[in-house]
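Asker: Shown below is the structure under consideration.
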Amino acid sequence: MAESNALSQWLMSKSIIATVTAATGLVAAVIVGLLGCSSKQQGVVIYVSEDQVFSEPILRDFERDTGIRVMAVYDTEEAKSTGVMNRLLAEKNNPQADVYWANEPIRAEVLKQQGIAATYRSPSAQGIPANFEDQQGYWTGFSARARVLIVNQAIPDKPKSITSYANPASNGRAVIANPLFGTTTAEIAALFILWGDEKAKAFLADMKRNNVKIATSNGESADFVASGQFAFALVDSDDAVNRMKQGKPVELIYPDQGDNEPGCFIVPNAVVLINGGRHPEAGRKLADYLLSRETERKLALSDAAQIPLHEGVDAPAPVRKIETIKTMKTDYALVARKMQEIEPLLKQWVGY
Amino acid sequence: MAIIAFNSVSKAYQGKTVLHDFSLVVESGQRVVILGPSGCGKTTVLRLLAGFIAPDIGTISIDGRVAAVTGKILQSPEKRHLSMVFQDLALWPHLTVEGNLEFGLKAQGLPRSQRVQRITAMLRMVEMDAYRRARPAELSGGQQQRIALARALVLQPKALLMDEPLSNLDEELSQHLRGELLRLHARLGFTLIYVTHDRAEASDIATNIVCMRHGRIERSVPIEEFKIGQRP
Amino acid sequence: MRTRRIILTAVTLVLGIVGLAPMIVMFARSLMGDGGFSLEGYRKLLTTERSWQLLGNSLELALLTALLSTLVGLPLGLLLGKTDLPLRRVFVMLFTLPLVIPPYIIAVSWANVLGPQGLAAGLWGEPTARVIGGLLFGLPGCVLVLVSTFMPAILLATLTFVRTVNPGLEEAARLSARPLRVLWDITMPLIRPGVLLAATLVFLLALGELGVPMFLRYNVFPVESFAQFSAFYNFGAATAAAVPLAVLTFVVLGVEWFVLREKSQALRPVPAGGATMVVQLGRRCVCLFGLVSVLCALVVVAPMLSLLVQAGSLGAYLRALHAVRDSLLHSLLLAAIGATGLTVLGFFVGYLIHTRALPIWRAVDAGTVLLFALPSTVIGMGLIVLWNRPSTNFIYATPLMILLGYLAQYTALTGRVTVAGLALVPPSMEEAAASAGAGWIRRLGLIVLPLLKHALLSGWLIAYIFCLRDTGISMLVYPPGYDTLAVRIFTLMANGAPDLIAAACVLMIATTVLPLVGVALVVRTQGRRPWQ
């Protein structure tokens, strides 16, 4: 009796063990399956700050043309940007990315300053003007946007310079994207370098006095102008081109093109090879592909409407070729450092 | 032989003492009824004995083995071989009548043939054999009571604990079920510890009565002595 | 007892590793500056006027959202739960719809309707549309979106708790008072603790909400934490910025524990044979039906329809499906696995809290709620800082990181659902099993879990919804090439074609709702407790 009880208990415990084992096995299978979905597989990992709708087709073409699988992490619109730069910074000691596609060179400079970028001079970069790449080879620019004025067609006195923001006639009629984020920050920093601190601060003060509207993004600024709520705004060229393609009553003006004027601030994309990336060979191939004339042509033709930096690459109107635009002489490394310096001032200006 | 022994047990809840220096010895085969008004601590006695709570002071022994000491449960409920019929019966609604009875037997490791044998015998004893496939929700109040009792007794426990099991029933049914309980006791000879506030119920069932008030034992006497005291 | 203690301690450790360890690491970072200990981040936070202003904005938004959600959700719940209004179930399903959708998608749909270029602009003309658009992009718009999103939580809480009121109490009152008086004086006071608990949950959700205020350009405190990340790359300051939210969470928790918890647990199931009192509306039925229909049309149908209109043709859906196909599959898989993990973890956490089986039960309860209330950016960064190292790289850069994020942020939901479920199961059920000789695991598996199955299913569905709609954590920790649908839509919003985005949003809604509809059709509840 006692033996059969013990036997029964043993059998009972066996069924419980079997159930627990099966459940553990299932959990283990799920975990192993998920662990297998990692970027350690063959391919290349790229973190992308350029809008996914524009960058993804380029990366798909790379996959098709080379057979190298691309695993990408995309960013969101500038003011909503959460993670790509922050992931790169947080992952500094154990990098996951091989390449970073920055939508403006300041981010690339930050990565260089943080020791996250590696040097690489791509053969595809031949023909790109020297001022659009890092002199030590930490990043290379391509497919640029220009900082332009989007102007509502209805207004008679169209601005030709960014100094129009300070013109009393523009009181309450101008909008600018939040200068704490993205390309606006870079341009303000560039003005501080170009004009000196005093003049730049005075310009900001004048803008405030003129009741400039602060939008959350360049896209919103463009929409405000397109709807007629404001007369003009300083935006990226692709924002202006897109509104024109949508049939909005706006036009695009490249500012400060006169003889004694500084020219238009150019914001190139930038390719950065990540220091310590797990797939360096594939990373270099991807960098070469992004910096190629063919990629620039595609980005110029797409809704990204970006300006090729290689001479002679086709760009449909209203996108102009880089050689036809008077561009602001810019040292992006200096701009990156200046941005950090003027951050408290800009916070105060915005009202933080 | 003493099956159960409470030795100077005290228990407090949220700063209020519900049991003061409670000492009780229960012999094998006795039917001990703990009688007292609501809040006198009688349910606490059962819960201490079942092992759901630990005494603040004192010891509890079951079948010669110390099951709980001051602040500590030494023997968990499932190891004490006691059965309990709860006030709300606690019949498992997702199990059939057969399933309710089989649960404890499976936990004890009884082989299937023995389980079937015991369940059949017990259901016949409580006259509920025809309902073995029914679920508790399909049974009447009285039928549920009988199943709760059967579930407790099928385990052949050292003692059966009952916490005011008949308080929700009408007088006729209650009397009938008291009779059933006594009949089963006569047949099976189990030790019974029964909690109630009803004097008539206590008189019917008990061999020994423990009267409690405000957490203390007022009187602990054999039933004959109690009944003498009740005569006008 | 020992088995129970060991397993519950292990569960607490898992929660600690998954959720609290990243927060401790981030908190430690917030105390570092220039290589040493520094309170500079906190000093700047507390001495900057803007910080207090943002905190005020957050509190204002959260309070208004909780208040208005309750003012609308409570009477609506009574109307749909205690009267004979026609099509009650349809209304409940429709009103609940916004709760299952990522809030920023609701914001997008409202912008489609009321924005300066929205559908309403065509009806009202541009000047009026501009004024309304101005209201949408600010506090009123945020309140509108968050109330339409979270009001269903109050509605569902009201519906649930009215069913727990003993009908005998209402019937006793009906002998001398009219139905409305009975509702006001008897029913409402009885369900008030439960509804207030739901309101505190809404308050916490609104307090930590990031996507909607950002989209509608209203500056709130989570945005500050966020800005510290994205604009200034300042992890320490970002974590410091999250601390006031944590403090507020503790305050709310304290209120809940000391004022509401005991009272809400006093609500017990309806006795066998009891049926909840139903108020006959009579002549008022038509008017009330009209009112509810209009509210439903304005708050739910119009925004949802705007997405359908914006999407336009079948072609947009096909393009959207092609664009988001992989992300959709990722989302479904991760949401299902995440929900299962959360249900298991939440069950043990809820059991621990309900039975107070370990002395640290209050800390566990507070910890899960704190993690739920913290901005997802802080949790995400904490996960990266903790797990991104060579020794744990086999976990980092895999989808397991997203699951860890889900477990960190959402265990409070499934834990609370388990607590609520266990509150309806008489403790005598488990005690009877213990008396019958069953050990803890057997009691859990054969008695407690079957009795809890409806609560566990509800918990799974709630977890599934939150996992599916998660954006903040996923965006920070998804491995390259493994983005989720919610993240995909968010990234497509940058210059994506409006019809494509709208179609993707509709796909997101369908992905969330269809499984729920399927489950609702399969599971028939009869409003009875299992033991009746």
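Residue names in the structure tokens use chain letters A, B, ... in the order shown, residue numbers from 1 in each chain, and ligand numbers from 1 in the order shown.
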Excluding segment 84-89 of chain C and its own-chain neighbours fewer than 2 positions away, which residues fall within 12 Å of it when counting only C-alpha atoms? Please give them as JSON, numbers by chain.
Answerer: {"C": [76, 77, 78, 79, 80, 81, 82, 91, 92, 93, 94, 95, 96, 156, 159, 276, 277, 278, 279, 280, 281, 282, 283, 284, 285, 286, 287, 288, 289, 290, 291, 292, 293, 296, 520]}
Asker: Please produce an output containing C-alpha atoms for each residue in the selection, written as a short mmCIF file (atom, residue, chain, number, x, y, z; two decimals), in the first residue's frame.
Answerer:
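Resulting contents of selection_14.cif:
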data_model
loop_
_atom_site.label_atom_id
_atom_site.label_comp_id
_atom_site.auth_asym_id
_atom_site.auth_seq_id
_atom_site.Cartn_x
_atom_site.Cartn_y
_atom_site.Cartn_z
CA LEU C 76 -21.98 57.21 -19.78
CA GLY C 77 -21.05 54.04 -17.90
CA LEU C 78 -24.19 54.25 -15.79
CA LEU C 79 -26.28 54.85 -18.91
CA LEU C 80 -24.77 51.89 -20.72
CA GLY C 81 -24.61 49.64 -17.66
CA LYS C 82 -27.78 50.36 -15.74
CA PHE C 91 -21.76 51.87 -27.98
CA VAL C 92 -19.42 50.24 -25.46
CA MET C 93 -17.35 48.75 -28.27
CA LEU C 94 -17.21 52.02 -30.18
CA PHE C 95 -16.34 54.18 -27.19
CA THR C 96 -13.63 51.71 -26.18
CA LEU C 156 -15.18 50.31 -18.42
CA LEU C 159 -19.47 49.13 -16.11
CA THR C 276 -28.28 44.21 -11.45
CA MET C 277 -31.06 46.78 -11.33
CA VAL C 278 -32.01 48.10 -14.77
CA VAL C 279 -33.52 51.56 -15.07
CA GLN C 280 -36.28 51.93 -17.65
CA LEU C 281 -35.67 55.18 -19.52
CA GLY C 282 -39.17 55.50 -20.93
CA ARG C 283 -39.77 58.75 -22.75
CA ARG C 284 -36.20 59.91 -22.17
CA CYS C 285 -34.84 57.01 -24.16
CA VAL C 286 -34.98 58.70 -27.57
CA CYS C 287 -33.33 61.88 -26.35
CA LEU C 288 -30.58 60.06 -24.49
CA PHE C 289 -29.99 57.71 -27.38
CA GLY C 290 -29.57 60.72 -29.63
CA LEU C 291 -27.14 62.37 -27.23
CA VAL C 292 -25.00 59.26 -26.90
CA SER C 293 -25.04 58.76 -30.66
CA CYS C 296 -20.03 58.75 -30.25
CA ALA C 520 -15.06 38.65 -27.72
#
Asker: List as a PyMOL selection string the protein and nucleic acid residues near segment 63-78 of chain B, meaning an atom at most 12 Å away when only C-alpha atoms are counted, but skip any in the same chain fewer than 5 places from it.
Answerer: (chain B and resi 1-12+25-28+46-58+83-84+104-105+107-108+155+157-159+191) or (chain C and resi 1-4+430-443)
Asker: Could you tell me how far atom CA of Asn211 of chain A lies from atom CA of Ser58 of chain C, in Å and to one decimal?
Answerer: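 Separating atom CA of Asn211 of chain A from atom CA of Ser58 of chain C is a distance of 26.3 Å.
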Asker: Ranking C:Pro426, C:Gly315, C:Pro375, C:Gly481 by minimum distance to Gln87 of chain B and counting only C-alpha atoms, which one comes first?
Answerer: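 The answer is C:Pro426, which sits nearest to Gln87 of chain B.
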Asker: Counting only C-alpha atoms, which residues of chain B sit at most 6 Å from some atom of chain A, and what is each one's closest atom pair with its distance in Å to one decimal, listed by chain and rising residue number, as a Markdown table?
Answerer:
| residue | atom | partner | partner_atom | distance |
| --- | --- | --- | --- | --- |
| B:Gly109 | CA | A:Gln9 | CA | 4.5 |
| B:Leu110 | CA | A:Asn5 | CA | 5.6 |
| B:Pro111 | CA | A:Ser8 | CA | 5.6 |
Asker: If you run DSSP on this backbone, which residues of segment 92-184 of chain B come out as strand (DSSP E), and could you give them as a list in words?
Answerer: Ala159, Leu160, Leu161, Met162 and Asp163 of chain B
Asker: Output N, CA and C atoms for every residue in that selection, as a PDB file, in the first residue's frame.
Answerer:
ATOM      1  N   ALA B 159      -8.811  15.258  11.912  1.00  0.00           N
ATOM      2  CA  ALA B 159      -9.939  15.967  12.520  1.00  0.00           C
ATOM      3  C   ALA B 159     -10.652  16.746  11.434  1.00  0.00           C
ATOM      4  N   LEU B 160     -11.946  16.926  11.662  1.00  0.00           N
ATOM      5  CA  LEU B 160     -12.755  17.710  10.729  1.00  0.00           C
ATOM      6  C   LEU B 160     -13.106  19.029  11.408  1.00  0.00           C
ATOM      7  N   LEU B 161     -12.820  20.111  10.731  1.00  0.00           N
ATOM      8  CA  LEU B 161     -13.117  21.446  11.248  1.00  0.00           C
ATOM      9  C   LEU B 161     -14.316  21.983  10.476  1.00  0.00           C
ATOM     10  N   MET B 162     -15.273  22.567  11.191  1.00  0.00           N
ATOM     11  CA  MET B 162     -16.458  23.103  10.506  1.00  0.00           C
ATOM     12  C   MET B 162     -16.740  24.499  11.039  1.00  0.00           C
ATOM     13  N   ASP B 163     -16.789  25.460  10.143  1.00  0.00           N
ATOM     14  CA  ASP B 163     -16.959  26.859  10.517  1.00  0.00           C
ATOM     15  C   ASP B 163     -18.363  27.328  10.173  1.00  0.00           C
TER      16      ASP B 163
END
Asker: With the cut-off set at 10 Å and counting only C-alpha atoms, tabulate each residue of segment 284-331 of chain A with an atom at most that distance from an atom of segment 128-135 of chain A, showing the nearest atom pair and its distance in Å to one decimal, ordered by chain and increasing number, as JSON lines.
Answerer:
{"residue": "A:Leu291", "atom": "CA", "partner": "A:Ile128", "partner_atom": "CA", "distance": 9.0}
{"residue": "A:Ser292", "atom": "CA", "partner": "A:Ile128", "partner_atom": "CA", "distance": 9.9}
{"residue": "A:Arg293", "atom": "CA", "partner": "A:Ile128", "partner_atom": "CA", "distance": 9.7}
{"residue": "A:Pro308", "atom": "CA", "partner": "A:Ile128", "partner_atom": "CA", "distance": 9.0}
{"residue": "A:Leu309", "atom": "CA", "partner": "A:Ile128", "partner_atom": "CA", "distance": 5.6}
{"residue": "A:His310", "atom": "CA", "partner": "A:Ile128", "partner_atom": "CA", "distance": 5.1}
{"residue": "A:Glu311", "atom": "CA", "partner": "A:Ile128", "partner_atom": "CA", "distance": 7.7}
{"residue": "A:Ile322", "atom": "CA", "partner": "A:Pro129", "partner_atom": "CA", "distance": 9.9}
{"residue": "A:Lys329", "atom": "CA", "partner": "A:Asn131", "partner_atom": "CA", "distance": 7.9}
{"residue": "A:Thr330", "atom": "CA", "partner": "A:Asn131", "partner_atom": "CA", "distance": 7.2}
{"residue": "A:Asp331", "atom": "CA", "partner": "A:Asn131", "partner_atom": "CA", "distance": 7.2}
Asker: Find the spatial neighbours of Ala199 of chain C, counting only C-alpha atoms, within a cut-off of 7 Å - ignore same-chain residues fewer than 3 positions away - and output them as a PyMOL selection string.
Answerer: chain C and resi 66+70+154+195-196+202-203
Asker: Can you spit out the residues from that selection as a compact mmCIF listing (two decimals), in the first residue's frame, using N, CA and C atoms?
Answerer:
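Result file result_39.txt:
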# COMPACT_ATOMS: atom_id res chain seq x y z
N ALA C 66 -8.17 63.70 -16.39
CA ALA C 66 -8.81 62.78 -15.44
C ALA C 66 -10.21 63.27 -15.07
N THR C 70 -13.72 61.46 -16.25
CA THR C 70 -14.65 60.95 -15.24
C THR C 70 -16.04 61.56 -15.41
N ILE C 154 -12.55 54.94 -17.71
CA ILE C 154 -13.55 55.25 -16.68
C ILE C 154 -14.86 54.53 -17.02
N VAL C 195 -14.19 53.70 -9.26
CA VAL C 195 -14.09 54.67 -10.35
C VAL C 195 -12.93 55.63 -10.10
N LEU C 196 -12.76 56.01 -8.83
CA LEU C 196 -11.65 56.93 -8.52
C LEU C 196 -10.30 56.27 -8.75
N VAL C 202 -5.91 57.07 -15.04
CA VAL C 202 -5.98 58.01 -16.16
C VAL C 202 -5.07 59.20 -15.90
N PHE C 203 -5.06 59.69 -14.67
CA PHE C 203 -4.20 60.81 -14.30
C PHE C 203 -2.73 60.47 -14.58
Asker: Could you please determine the separation between atom CA of Ser217 of chain A and atom CA of Glu323 of chain A in Å, to one decimal place?
Answerer: 28.1 Å
Asker: When DSSP is applied to the backbone of this structure, which of segment 383-490 of chain C are assigned alpha helix (DSSP H)? Write them out as an NGL selection string.
Answerer: :C and (383-387 or 400-423 or 427-435 or 440-443 or 449-451 or 453-469 or 472-477 or 485-490)
Asker: Can you tell me how far atom CA of Ala282 of chain A sits from atom CA of Leu59 of chain A, in Å to one decimal?
Answerer: 12.7 Å
Asker: Do a neighbour search on Tyr410 of chain C at 12 Å with only C-alpha atoms, toss out local chain neighbours closer than 5 positions, and write the hits as a PyMOL selection string.
Answerer: chain C and resi 15+18-19+205+335+338-343+345-346+349+367-374+376+379+402-405+415-417+459-460+462-470+473
Asker: Which residues, written as a list in words, have at least one atom at most 8 Å from segment 89-96 of chain B, with only C-alpha atoms counted and residues fewer than 5 positions away on the same chain left out?
Answerer: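 Returned residues: Arg132, Arg133, Ala134, Arg135, Pro136, Ala137, Gln144, Gln145, Ala148 and Pro165 of chain B; Pro426, Ser428, Met429, Ala432, Ile447, Pro450, Leu451, Pro530, Trp531 and Gln532 of chain C.
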Asker: Just want the 12 Å neighbourhood of Phe226 of chain B, counted on only C-alpha atoms, with same-chain residues fewer than 2 positions away dropped. Output as JSON, numbers by chain.
Answerer: {"B": [33, 35, 199, 200, 202, 203, 204, 206, 207, 208, 209, 210, 211, 219, 220, 221, 222, 223, 224, 228, 229, 230, 231]}
Asker: Could you give me, as an MDAnalysis selection string, the residues within 12 Å of segment 174-180 of chain B, counting only C-alpha atoms and dropping anything in the same chain fewer than 2 positions from it?
Answerer: chainID B and resid 125:127 141:150 162 164:172 182:187 194 198 200:206
